[in-house]
Number of protein chains: 2
Amino acid sequence: MNRSRIWIAMAAALAITCGVAQAAKAPVAPPTLADVIKDSPAAAWRELDPANTLYMDVAGGRIVIELAPDFAPLHAANIKTLVREKYFDGLVVLRSQDNYVAQWGDADEKNPRSLGSVKPRLADEFAVPIVPGSAFKRLKDGDIYAPQVGHVNSFPAARDPKAGLTWLTHCYAMVGVGRDNDSDSGNGSSLYVINGHAPRHLDRNVTVVGRVMQGMSLLSSLPRGTGRLGFYEQPEQQLKIASMRVAADLPAAERVKLEVMRSDTPTFDAAVSAVRHRGGDWFKYSPERVELCNVPIVVRERK
Amino acid sequence: MNRSRIWIAMAAALAITCGVAQAAKAPVAPPTLADVIKDSPAAAWRELDPANTLYMDVAGGRIVIELAPDFAPLHAANIKTLVREKYFDGLVVLRSQDNYVAQWGDADEKNPRSLGSVKPRLADEFAVPIVPGSAFKRLKDGDIYAPQVGHVNSFPAARDPKAGLTWLTHCYAMVGVGRDNDSDSGNGSSLYVINGHAPRHLDRNVTVVGRVMQGMSLLSSLPRGTGRLGFYEQPEQQLKIASMRVAADLPAAERVKLEVMRSDTPTFDAAVSAVRHRGGDWFKYSPERVELCNVPIVVRERK
């Protein structure tokens, strides 16, 4: 046995470029995702916006979250205020529920930390009006939950043109705002991230604020909590948040240099095309379709 | 702040029963998933089949896998032979790739373990003929990847009636057979489990053999490998498999007592209905739809 045999879906994962031998058989082999990335121009990428990027530092490393203020301006502003007032420093990841969410915030119910200048209630941003002319790169394969789905500024999103509304979708690594029963009971002081199959039934029920762009495995690989809903039963099981910072507040030299493939580019179209059509030596059947949360959001280090 | 505020999607996760106050507002509150489970008759459940259930014991506990021989008779037989010849005992989980798969097998490329009485090549079972009259509980909301989807014997599956074919789908916790480029290059000696959003593009490209029915968090919470495709770079990072056994080979008293909700029952229909329609105090918007991999496969201890 050699290791290649057990690399299931090697091509699936990285879309290995066809070699010369294959090219001879199929002269116009369609580009793979790896090809698309390799051949992409600089203009196909954008830097994470320092003004809306958060660094959450934990024992294992740094988690980089980009906020999407176009979809949740009030909550993004609240979260940045909380971060700047160091609300999250020393708080914990208090819940990890398998195939659902990891959630962080204040675990102390009796003596909760002050929210500082942030008000405890905030109007919900479950869905927002569609801005005419905004860059929505629509996926052509449809969706089970929404009339239209696609990408806006590299974030997965859905639209209901009849209602004139759009919202971010609960794909893997998306970050949302915890709330109680009342729609305005969330304020950004407790956040969660999707760690499994997209729970799309949460769409339009919570304010989704952004996405983990790097360091997701620090949250996805946490031991699952054994309490109800995955809460940790012992404080020592909780992962401590050393600090949360807004990238723009750090000197440029200290920021994480990351860029994401822009969804409003021909490169992104080619990437979607590459995952719809699976070629190469490994695939025997190509879906010729792709579902929203299976479209890769490609993030890489910026040179 | 009290903890309830940060229990996002409490109702989403456990579908809390509406209380009396809600019943007064809406006298015929639709049942939640918790209601459906609570009110279910014994006949709505089936014991995991001991002849096709595997116990994979690791340092943290036991992982229970049920095979689906109707979809992969050759591979299920191979895997049981390998298990009975103790092929897996002492092997390792050698790969954990975020939002994709964890995979186990033989990490020793130079001196691979003997496959015993199992042949290295086996005809693929990527899809199998539809058996007329078999119990396929079709989901009505459609699918992005397949003409029809639903459940067979509590496993998520897809169908192409025109082609006369059916196959298990790559939902979370489903187990598949690693292979090299050739369709017949898998044999069951290397297995993987889906640990993130369903990579449905793998459907019909690998033989899916079953599902992790208990202990999934032991595999999903593994640290992600830092090598290419999530391979662990150091042997000490690999999780050791103490043993794999067929449940039927253990005395009945030593088996894990588990049962799964039968998909060919009115109870299952009610469960699907409950997750399509989300009511209660927490939900503000109900999807009225559900996607295949979001249908809960409910497993519980058998009394």
# chains A, B, ... in the order shown; residues from 1 in each chain; ligands from 1
$ closest_atom_pairs --of "range 193-296 of chain B" --to "range 85-97 of chain A" --cutoff "12 Å" --atoms "only C-alpha atoms" --output "JSON lines"
{"residue": "B:Met216", "atom": "CA", "partner": "A:Gln97", "partner_atom": "CA", "distance": 11.5}
{"residue": "B:Ser217", "atom": "CA", "partner": "A:Gln97", "partner_atom": "CA", "distance": 9.1}
{"residue": "B:Ser220", "atom": "CA", "partner": "A:Gln97", "partner_atom": "CA", "distance": 10.8}
{"residue": "B:Ser221", "atom": "CA", "partner": "A:Ser96", "partner_atom": "CA", "distance": 9.7}
$ interface_residues --of "chain A" --to "chain B" --cutoff "7 Å" --atoms "only C-alpha atoms" --output "ChimeraX atom specification"
/A:1-8,98,109,112,141-145,172,178-181,190,195-199,201,204-205,217,220-224,281-285,287,289,291,294
$ closest_residue --among "B:Lys119, B:Lys162, B:His170, B:Arg138" --to "Ile79 in chain B" --atoms "only C-alpha atoms"
B:Lys119
$ select_by_dssp --residues "range 68-181 of chain A" --states "helix (DSSP H, G or I)" --output "list in words"
Pro73, Leu74, His75, Ala76, Ala77, Asn78, Ile79, Lys80, Thr81, Leu82, Val83 and Arg84 of chain A
$ residues_around --residues "Pro69 in chain B" --least-positions-apart "2" --cutoff "12 Å" --atoms "only C-alpha atoms" --output "PyMOL selection string"
chain B and resi 49+51-53+66-67+71-80+125+128+152-153+155+167-168+207-211
$ select_by_dssp --residues "range 59-209 of chain B" --states "strand (DSSP E)" --output "count of residues only"
47
$ atom_distance --atom1 "CA of Leu122 in chain A" --atom2 "CA of Ala158 in chain A"
22.7 Å
$ residues_around --residues "Val64 in chain A" --least-positions-apart "4" --cutoff "8 Å" --atoms "only C-alpha atoms" --output "mmCIF file with N, CA, C and O atoms, in the first residue's frame"
data_model
loop_
_atom_site.group_PDB
_atom_site.id
_atom_site.type_symbol
_atom_site.label_atom_id
_atom_site.label_comp_id
_atom_site.auth_asym_id
_atom_site.auth_seq_id
_atom_site.Cartn_x
_atom_site.Cartn_y
_atom_site.Cartn_z
ATOM 1 N N THR A 53 -11.680 43.759 10.226
ATOM 2 C CA THR A 53 -11.094 42.450 10.505
ATOM 3 C C THR A 53 -10.701 42.390 11.973
ATOM 4 O O THR A 53 -10.125 43.335 12.515
ATOM 5 N N LEU A 54 -11.072 41.265 12.586
ATOM 6 C CA LEU A 54 -10.789 41.069 14.012
ATOM 7 C C LEU A 54 -9.783 39.948 14.196
ATOM 8 O O LEU A 54 -9.826 38.945 13.478
ATOM 9 N N TYR A 55 -8.901 40.122 15.162
ATOM 10 C CA TYR A 55 -7.987 39.045 15.557
ATOM 11 C C TYR A 55 -8.432 38.556 16.932
ATOM 12 O O TYR A 55 -8.463 39.334 17.888
ATOM 13 N N MET A 56 -8.746 37.264 17.009
ATOM 14 C CA MET A 56 -9.091 36.681 18.302
ATOM 15 C C MET A 56 -7.960 35.733 18.660
ATOM 16 O O MET A 56 -7.790 34.697 18.005
ATOM 17 N N VAL A 212 -14.966 33.486 9.632
ATOM 18 C CA VAL A 212 -13.596 33.176 10.042
ATOM 19 C C VAL A 212 -12.790 32.934 8.767
ATOM 20 O O VAL A 212 -13.097 32.030 7.992
ATOM 21 N N MET A 213 -11.802 33.769 8.546
ATOM 22 C CA MET A 213 -11.015 33.702 7.318
ATOM 23 C C MET A 213 -9.706 32.927 7.511
ATOM 24 O O MET A 213 -9.082 32.485 6.563
ATOM 25 N N GLN A 214 -9.277 32.795 8.739
ATOM 26 C CA GLN A 214 -8.088 31.984 9.046
ATOM 27 C C GLN A 214 -8.184 31.528 10.499
ATOM 28 O O GLN A 214 -8.730 32.239 11.347
ATOM 29 N N GLY A 215 -7.665 30.315 10.758
ATOM 30 C CA GLY A 215 -7.658 29.818 12.135
ATOM 31 C C GLY A 215 -8.921 29.066 12.523
ATOM 32 O O GLY A 215 -9.141 28.782 13.705
#
$ atom_distance --atom1 "CA of Gly150 in chain A" --atom2 "CA of Phe136 in chain A"
6.5 Å
$ atom_distance --atom1 "CA of Ile241 in chain A" --atom2 "CA of Pro50 in chain A"
20.2 Å
$ closest_residue --among "A:Pro235, A:Arg300, A:Ala270, A:Leu258" --to "Thr32 in chain A" --atoms "only C-alpha atoms"
A:Ala270
